[in-house]
Amino acid sequence: MVHLTHKSCFVLGRVLDLFIGGSADAASLGLRPDQRLANLAATLCRAGPDTFGREPWQAFLTATNVVLRADRHRRVRAPVDAFFGQVEALRALAGGRQVGRILDELRDGRREAYAARARLLEDRALQPVLEPLLPALARAVLHWSGGLHPVAVVHDEQSALTERRMRRLEQILAAPPLEMIRLPAQGRFIRFRQADSRTDPRVQVADVLAGVARKIVTDDLLGRSDPGLTALLRPYVDPASRWCEQLADPSGRTAG
């Protein structure tokens, strides 16, 4: 399984989740995404640069990143106000386009935005909304467990994958509506170990495969895809990937 993450699409999905979706996606570490909001994020990501121009779009993405990021001053109002200022700036450029309607819906979430930002700061240790590795790992565990079997994970050393977060992932997997997971009577559902990528051949092979997948989808995104390679990768792409484009298919079908 390959879980794709386009940074802009991921960030946009998380801000829609935070201010419209009740933070359900972030709170579940990516296991309970709202598909409608994910589609809106992908639409906004695709259309943004051409619709609004490079500088306004980059200013919006910067404000989005700031409003999702914890800071040492634990500010709530200033990042939220700055973000919605950028929303209004883009709305003025959107006209009657579909992206304008997405921004309208986002603007309507402002009333709850301050409380949502405060919750984000409270939950940042276990649910860091800007860490794409956690939902990717969660989806991999769900895929390989089949909802029934314990899994052992070997991963290269990453500070984001703390013991507390792995236990949180276990709890989410065992909770409704993912209750098809059957935790073993004794022991842990996820056996997790971090390894040095310089010496562990399993991690090295995984890095090579991930690099190949990244090259294929990046070429597809830039319009220089190899149809044969894309077709080989397509069946392995996680449908919950955060990718702003669909993988092109010569037959006219799309995936991703």
# chains A, B, ... in the order shown; residues from 1 in each chain; ligands from 1
$ residues_around --residues "A:Ala136" --least-positions-apart "6" --cutoff "9 Å" --atoms "only C-alpha atoms" --output "PDB file with N, CA and C atoms, in the first residue's frame"
ATOM      1  N   VAL A   2       0.481   2.242  -0.783  1.00  0.00           N
ATOM      2  CA  VAL A   2       1.196   3.521  -0.861  1.00  0.00           C
ATOM      3  C   VAL A   2       0.235   4.633  -0.449  1.00  0.00           C
ATOM      4  N   HIS A   3       0.592   5.357   0.578  1.00  0.00           N
ATOM      5  CA  HIS A   3      -0.216   6.498   1.028  1.00  0.00           C
ATOM      6  C   HIS A   3       0.480   7.763   0.548  1.00  0.00           C
ATOM      7  N   LEU A   4      -0.187   8.501  -0.344  1.00  0.00           N
ATOM      8  CA  LEU A   4       0.398   9.703  -0.943  1.00  0.00           C
ATOM      9  C   LEU A   4      -0.003  10.943  -0.147  1.00  0.00           C
ATOM     10  N   THR A   5       0.948  11.846   0.037  1.00  0.00           N
ATOM     11  CA  THR A   5       0.651  13.111   0.710  1.00  0.00           C
ATOM     12  C   THR A   5       1.239  14.261  -0.091  1.00  0.00           C
ATOM     13  N   LEU A  29      -6.349  10.578  13.962  1.00  0.00           N
ATOM     14  CA  LEU A  29      -5.040  10.376  13.327  1.00  0.00           C
ATOM     15  C   LEU A  29      -5.197   9.980  11.858  1.00  0.00           C
ATOM     16  N   GLY A  30      -6.246  10.482  11.205  1.00  0.00           N
ATOM     17  CA  GLY A  30      -6.452  10.236   9.786  1.00  0.00           C
ATOM     18  C   GLY A  30      -7.269   9.014   9.451  1.00  0.00           C
ATOM     19  N   SER A 241      -5.454   8.748   0.483  1.00  0.00           N
ATOM     20  CA  SER A 241      -4.299   9.606   0.275  1.00  0.00           C
ATOM     21  C   SER A 241      -4.718  11.066   0.168  1.00  0.00           C
TER      22      SER A 241
END
$ residues_around --residues "A:Val217" --least-positions-apart "4" --cutoff "8 Å" --atoms "only C-alpha atoms" --output "list in words"
Ala213, Leu221, Ser225, Thr230 and Leu247 of chain A
$ write_last_selection --atoms "all heavy atoms" --output "PDB file, in the first residue's frame"
ATOM      1  N   ALA A 213       7.768   5.254  -5.850  1.00  0.00           N
ATOM      2  CA  ALA A 213       6.382   5.736  -5.903  1.00  0.00           C
ATOM      3  C   ALA A 213       6.335   7.252  -5.960  1.00  0.00           C
ATOM      4  O   ALA A 213       5.556   7.844  -6.722  1.00  0.00           O
ATOM      5  CB  ALA A 213       5.611   5.218  -4.692  1.00  0.00           C
ATOM      6  N   LEU A 221       2.137  14.429 -11.625  1.00  0.00           N
ATOM      7  CA  LEU A 221       1.663  15.747 -11.200  1.00  0.00           C
ATOM      8  C   LEU A 221       2.200  16.844 -12.113  1.00  0.00           C
ATOM      9  O   LEU A 221       1.511  17.826 -12.404  1.00  0.00           O
ATOM     10  CB  LEU A 221       2.095  16.000  -9.759  1.00  0.00           C
ATOM     11  CG  LEU A 221       1.569  17.258  -9.064  1.00  0.00           C
ATOM     12  CD1 LEU A 221       0.067  17.178  -8.882  1.00  0.00           C
ATOM     13  CD2 LEU A 221       2.263  17.444  -7.720  1.00  0.00           C
ATOM     14  N   SER A 225       4.228  12.087 -17.006  1.00  0.00           N
ATOM     15  CA  SER A 225       4.101  10.741 -16.456  1.00  0.00           C
ATOM     16  C   SER A 225       4.442   9.677 -17.489  1.00  0.00           C
ATOM     17  O   SER A 225       4.364   9.883 -18.704  1.00  0.00           O
ATOM     18  CB  SER A 225       2.678  10.514 -15.947  1.00  0.00           C
ATOM     19  OG  SER A 225       1.756  10.579 -17.017  1.00  0.00           O
ATOM     20  N   THR A 230       2.661   4.433 -14.111  1.00  0.00           N
ATOM     21  CA  THR A 230       1.496   4.893 -13.358  1.00  0.00           C
ATOM     22  C   THR A 230       0.473   3.783 -13.201  1.00  0.00           C
ATOM     23  O   THR A 230      -0.120   3.606 -12.132  1.00  0.00           O
ATOM     24  CB  THR A 230       0.845   6.105 -14.056  1.00  0.00           C
ATOM     25  OG1 THR A 230       1.817   7.148 -14.176  1.00  0.00           O
ATOM     26  CG2 THR A 230      -0.349   6.622 -13.279  1.00  0.00           C
ATOM     27  N   LEU A 247      -4.401  10.237 -10.469  1.00  0.00           N
ATOM     28  CA  LEU A 247      -3.401   9.633 -11.332  1.00  0.00           C
ATOM     29  C   LEU A 247      -4.004   9.350 -12.701  1.00  0.00           C
ATOM     30  O   LEU A 247      -5.019   8.668 -12.826  1.00  0.00           O
ATOM     31  CB  LEU A 247      -2.878   8.333 -10.718  1.00  0.00           C
ATOM     32  CG  LEU A 247      -2.192   8.476  -9.354  1.00  0.00           C
ATOM     33  CD1 LEU A 247      -1.668   7.128  -8.891  1.00  0.00           C
ATOM     34  CD2 LEU A 247      -1.076   9.495  -9.416  1.00  0.00           C
TER      35      LEU A 247
END
$ closest_residue --among "A:Leu142, A:Ala94, A:Ala59, A:Val151" --to "A:Ala174" --atoms "only C-alpha atoms"
A:Leu142
$ closest_residue --among "A:Thr43, A:Ser23, A:Gln204, A:Ser28" --to "A:Cys9" --atoms "only C-alpha atoms"
A:Thr43
$ select_by_dssp --residues "stretch 26-190 of chain A" --states "alpha helix (DSSP H)" --output "PDB file with C-alpha atoms, in the first residue's frame"
ATOM      1  CA  ALA A  26      -7.094  14.988  13.127  1.00  0.00           C
ATOM      2  CA  ALA A  27      -8.551  13.416  16.285  1.00  0.00           C
ATOM      3  CA  GLN A  35     -14.476  12.428   2.162  1.00  0.00           C
ATOM      4  CA  ARG A  36     -16.462  15.514   1.211  1.00  0.00           C
ATOM      5  CA  LEU A  37     -13.967  17.799   2.933  1.00  0.00           C
ATOM      6  CA  ALA A  38     -11.062  15.838   1.443  1.00  0.00           C
ATOM      7  CA  ASN A  39     -12.526  16.422  -2.032  1.00  0.00           C
ATOM      8  CA  LEU A  40     -13.000  20.132  -1.312  1.00  0.00           C
ATOM      9  CA  ALA A  41      -9.372  20.380  -0.207  1.00  0.00           C
ATOM     10  CA  ALA A  42      -8.193  18.680  -3.407  1.00  0.00           C
ATOM     11  CA  THR A  43     -10.364  20.987  -5.534  1.00  0.00           C
ATOM     12  CA  LEU A  44      -9.039  24.077  -3.777  1.00  0.00           C
ATOM     13  CA  CYS A  45      -5.465  22.800  -4.058  1.00  0.00           C
ATOM     14  CA  ARG A  46      -5.771  22.212  -7.803  1.00  0.00           C
ATOM     15  CA  ALA A  47      -7.454  25.506  -8.620  1.00  0.00           C
ATOM     16  CA  GLY A  48      -5.716  27.816  -6.154  1.00  0.00           C
ATOM     17  CA  PRO A  49      -2.545  28.969  -7.939  1.00  0.00           C
ATOM     18  CA  ASP A  50      -4.204  29.668 -11.306  1.00  0.00           C
ATOM     19  CA  THR A  51      -7.376  31.165  -9.842  1.00  0.00           C
ATOM     20  CA  PHE A  52      -5.816  33.567  -7.351  1.00  0.00           C
ATOM     21  CA  ARG A  54       0.969  32.937  -7.039  1.00  0.00           C
ATOM     22  CA  GLU A  55       1.448  35.609  -4.355  1.00  0.00           C
ATOM     23  CA  PRO A  56      -2.123  35.662  -2.925  1.00  0.00           C
ATOM     24  CA  TRP A  57      -2.190  31.864  -2.948  1.00  0.00           C
ATOM     25  CA  GLN A  58       1.145  31.593  -1.146  1.00  0.00           C
ATOM     26  CA  ALA A  59       0.008  34.168   1.428  1.00  0.00           C
ATOM     27  CA  PHE A  60      -3.089  32.055   2.079  1.00  0.00           C
ATOM     28  CA  LEU A  61      -1.059  28.838   2.443  1.00  0.00           C
ATOM     29  CA  THR A  62       1.321  30.588   4.841  1.00  0.00           C
ATOM     30  CA  ALA A  63      -1.577  31.779   7.011  1.00  0.00           C
ATOM     31  CA  THR A  64      -3.065  28.278   6.897  1.00  0.00           C
ATOM     32  CA  ASN A  65       0.180  26.773   8.106  1.00  0.00           C
ATOM     33  CA  VAL A  66       0.432  29.296  10.951  1.00  0.00           C
ATOM     34  CA  VAL A  67      -3.141  28.761  12.175  1.00  0.00           C
ATOM     35  CA  LEU A  68      -2.500  24.999  12.364  1.00  0.00           C
ATOM     36  CA  ARG A  77      -7.006  34.908  18.252  1.00  0.00           C
ATOM     37  CA  ALA A  78      -4.176  36.420  16.192  1.00  0.00           C
ATOM     38  CA  PRO A  79      -3.488  33.379  13.953  1.00  0.00           C
ATOM     39  CA  VAL A  80      -7.223  32.797  13.439  1.00  0.00           C
ATOM     40  CA  ASP A  81      -7.856  36.444  12.522  1.00  0.00           C
ATOM     41  CA  ALA A  82      -4.897  36.480  10.121  1.00  0.00           C
ATOM     42  CA  PHE A  83      -6.106  33.276   8.464  1.00  0.00           C
ATOM     43  CA  PHE A  84      -9.633  34.541   7.887  1.00  0.00           C
ATOM     44  CA  GLY A  85      -8.197  37.799   6.568  1.00  0.00           C
ATOM     45  CA  GLN A  86      -6.555  35.734   3.836  1.00  0.00           C
ATOM     46  CA  VAL A  87      -9.803  33.840   3.248  1.00  0.00           C
ATOM     47  CA  GLU A  88     -11.559  37.161   2.611  1.00  0.00           C
ATOM     48  CA  ALA A  89      -8.758  38.286   0.291  1.00  0.00           C
ATOM     49  CA  LEU A  90      -9.163  35.162  -1.845  1.00  0.00           C
ATOM     50  CA  ARG A  91     -12.952  35.400  -1.824  1.00  0.00           C
ATOM     51  CA  ALA A  92     -12.646  38.816  -3.433  1.00  0.00           C
ATOM     52  CA  LEU A  93     -10.707  37.198  -6.289  1.00  0.00           C
ATOM     53  CA  ALA A  94     -12.842  34.084  -6.680  1.00  0.00           C
ATOM     54  CA  GLN A  98     -16.493  26.739  -7.274  1.00  0.00           C
ATOM     55  CA  VAL A  99     -13.492  27.606  -5.131  1.00  0.00           C
ATOM     56  CA  GLY A 100     -15.378  30.718  -4.029  1.00  0.00           C
ATOM     57  CA  ARG A 101     -18.132  28.523  -2.619  1.00  0.00           C
ATOM     58  CA  ILE A 102     -15.532  26.485  -0.730  1.00  0.00           C
ATOM     59  CA  LEU A 103     -14.143  29.681   0.766  1.00  0.00           C
ATOM     60  CA  ASP A 104     -17.681  30.778   1.661  1.00  0.00           C
ATOM     61  CA  GLU A 105     -18.176  27.579   3.635  1.00  0.00           C
ATOM     62  CA  LEU A 106     -14.819  28.026   5.311  1.00  0.00           C
ATOM     63  CA  ARG A 107     -15.673  31.619   6.235  1.00  0.00           C
ATOM     64  CA  ASP A 108     -18.908  30.412   7.836  1.00  0.00           C
ATOM     65  CA  ARG A 110     -15.214  31.359  11.765  1.00  0.00           C
ATOM     66  CA  ARG A 111     -17.618  31.401  14.712  1.00  0.00           C
ATOM     67  CA  GLU A 112     -16.187  28.091  15.964  1.00  0.00           C
ATOM     68  CA  ALA A 113     -12.634  28.781  14.854  1.00  0.00           C
ATOM     69  CA  TYR A 114     -11.282  30.219  18.099  1.00  0.00           C
ATOM     70  CA  ALA A 115     -12.485  27.232  20.132  1.00  0.00           C
ATOM     71  CA  ALA A 116     -11.117  24.861  17.485  1.00  0.00           C
ATOM     72  CA  ARG A 117      -7.712  26.545  17.616  1.00  0.00           C
ATOM     73  CA  ALA A 118      -7.725  26.305  21.424  1.00  0.00           C
ATOM     74  CA  ARG A 119      -8.474  22.562  21.213  1.00  0.00           C
ATOM     75  CA  LEU A 120      -5.675  22.147  18.705  1.00  0.00           C
ATOM     76  CA  LEU A 121      -3.207  23.650  21.186  1.00  0.00           C
ATOM     77  CA  GLU A 122      -4.464  21.406  23.987  1.00  0.00           C
ATOM     78  CA  LEU A 133       3.469  10.600   9.039  1.00  0.00           C
ATOM     79  CA  LEU A 134       0.823   9.685  11.639  1.00  0.00           C
ATOM     80  CA  PRO A 135      -2.147   9.262   9.263  1.00  0.00           C
ATOM     81  CA  ALA A 136       0.087   7.441   6.775  1.00  0.00           C
ATOM     82  CA  LEU A 137       1.176   4.984   9.466  1.00  0.00           C
ATOM     83  CA  ALA A 138      -2.384   4.626  10.782  1.00  0.00           C
ATOM     84  CA  ARG A 139      -3.663   3.737   7.322  1.00  0.00           C
ATOM     85  CA  ALA A 140      -0.842   1.220   6.850  1.00  0.00           C
ATOM     86  CA  VAL A 141      -1.624  -0.480  10.170  1.00  0.00           C
ATOM     87  CA  LEU A 142      -5.325  -0.665   9.310  1.00  0.00           C
ATOM     88  CA  HIS A 143      -4.538  -2.091   5.860  1.00  0.00           C
ATOM     89  CA  TRP A 144      -2.107  -4.781   6.983  1.00  0.00           C
ATOM     90  CA  SER A 145      -4.066  -5.815  10.062  1.00  0.00           C
ATOM     91  CA  GLU A 163       5.217   5.693  22.498  1.00  0.00           C
ATOM     92  CA  ARG A 164       2.205   7.752  23.600  1.00  0.00           C
ATOM     93  CA  ARG A 165       1.108   8.337  20.013  1.00  0.00           C
ATOM     94  CA  MET A 166       1.396   4.667  19.138  1.00  0.00           C
ATOM     95  CA  ARG A 167      -0.783   3.756  22.123  1.00  0.00           C
ATOM     96  CA  ARG A 168      -3.240   6.464  21.062  1.00  0.00           C
ATOM     97  CA  LEU A 169      -3.370   4.856  17.617  1.00  0.00           C
ATOM     98  CA  GLU A 170      -4.212   1.509  19.203  1.00  0.00           C
ATOM     99  CA  GLN A 171      -7.057   3.092  21.155  1.00  0.00           C
ATOM    100  CA  ILE A 172      -8.500   4.703  18.026  1.00  0.00           C
ATOM    101  CA  LEU A 173      -8.306   1.461  16.060  1.00  0.00           C
TER     102      LEU A 173
END
$ residues_around --residues "A:Ala195" --least-positions-apart "2" --cutoff "9 Å" --atoms "only C-alpha atoms" --output "list of chain:residue names"
A:Val154, A:His155, A:Asp156, A:Glu157, A:Arg193, A:Ser197, A:Arg198, A:Thr199, A:Asp200, A:Val203
$ closest_residue --among "A:Asp34, A:Ala210, A:Arg74, A:Glu131" --to "A:Gly22" --atoms "only C-alpha atoms"
A:Asp34
$ residues_around --residues "A:Asp226" --least-positions-apart "6" --cutoff "9 Å" --atoms "only C-alpha atoms" --output "MDAnalysis selection string"
chainID A and resid 216 219:220
$ write_last_selection --atoms "N, CA and C atoms" --output "compact mmCIF listing (two decimals), in the first residue's frame"
# COMPACT_ATOMS: atom_id res chain seq x y z
N ILE A 216 7.18 8.49 -9.47
CA ILE A 216 6.11 8.25 -10.43
C ILE A 216 5.00 9.28 -10.28
N ASP A 219 6.10 12.92 -11.23
CA ASP A 219 6.11 13.09 -12.69
C ASP A 219 4.70 13.23 -13.23
N ASP A 220 3.77 12.43 -12.69
CA ASP A 220 2.38 12.53 -13.12
C ASP A 220 1.81 13.92 -12.80
$ closest_residue --among "A:His6, A:Gly109, A:Arg124, A:Leu31" --to "A:Leu18" --atoms "only C-alpha atoms"
A:Gly109
$ select_by_dssp --residues "stretch 9-230 of chain A" --states "strand (DSSP E or B)" --output "short mmCIF file (atom, residue, chain, number, x, y, z; two decimals) with N, CA, C and O atoms, in the first residue's frame"
data_model
loop_
_atom_site.label_atom_id
_atom_site.label_comp_id
_atom_site.auth_asym_id
_atom_site.auth_seq_id
_atom_site.Cartn_x
_atom_site.Cartn_y
_atom_site.Cartn_z
N VAL A 151 -0.18 -6.50 14.28
CA VAL A 151 0.84 -6.19 13.29
C VAL A 151 2.12 -5.75 13.99
O VAL A 151 2.08 -5.19 15.08
N ALA A 152 3.23 -6.05 13.35
CA ALA A 152 4.54 -5.59 13.83
C ALA A 152 5.06 -4.58 12.82
O ALA A 152 5.08 -4.84 11.61
N VAL A 153 5.47 -3.42 13.30
CA VAL A 153 5.93 -2.33 12.44
C VAL A 153 7.39 -2.04 12.76
O VAL A 153 7.76 -1.83 13.92
N VAL A 154 8.23 -2.04 11.71
CA VAL A 154 9.61 -1.57 11.84
C VAL A 154 9.72 -0.29 11.02
O VAL A 154 9.39 -0.28 9.83
N HIS A 155 10.13 0.77 11.64
CA HIS A 155 10.16 2.08 10.99
C HIS A 155 11.51 2.73 11.26
O HIS A 155 12.14 2.47 12.28
N ASP A 156 11.94 3.58 10.33
CA ASP A 156 13.17 4.31 10.62
C ASP A 156 12.93 5.31 11.75
O ASP A 156 11.79 5.64 12.08
N ILE A 190 -0.30 -3.37 18.31
CA ILE A 190 0.77 -2.90 17.44
C ILE A 190 2.11 -3.12 18.14
O ILE A 190 2.35 -2.56 19.20
N ARG A 191 2.96 -3.93 17.55
CA ARG A 191 4.33 -4.07 18.03
C ARG A 191 5.18 -3.15 17.17
O ARG A 191 5.34 -3.37 15.97
N PHE A 192 5.72 -2.11 17.78
CA PHE A 192 6.37 -1.05 17.02
C PHE A 192 7.82 -0.93 17.45
O PHE A 192 8.13 -0.88 18.64
N ARG A 193 8.71 -0.88 16.46
CA ARG A 193 10.13 -0.72 16.74
C ARG A 193 10.75 0.21 15.71
O ARG A 193 10.46 0.11 14.52
N GLN A 194 11.58 1.12 16.19
CA GLN A 194 12.31 2.01 15.29
C GLN A 194 13.72 1.47 15.07
O GLN A 194 14.34 0.93 15.98
N ALA A 195 14.20 1.61 13.84
CA ALA A 195 15.50 1.05 13.47
C ALA A 195 16.31 2.11 12.73
O ALA A 195 15.77 3.07 12.18
#
$ atom_distance --atom1 "atom CA of A:Phe189" --atom2 "atom CA of A:Ala175"
13.0 Å
$ atom_distance --atom1 "atom CA of A:Ala160" --atom2 "atom CA of A:Gly211"
20.4 Å
$ atom_distance --atom1 "atom CA of A:Cys244" --atom2 "atom CA of A:Gln158"
25.7 Å
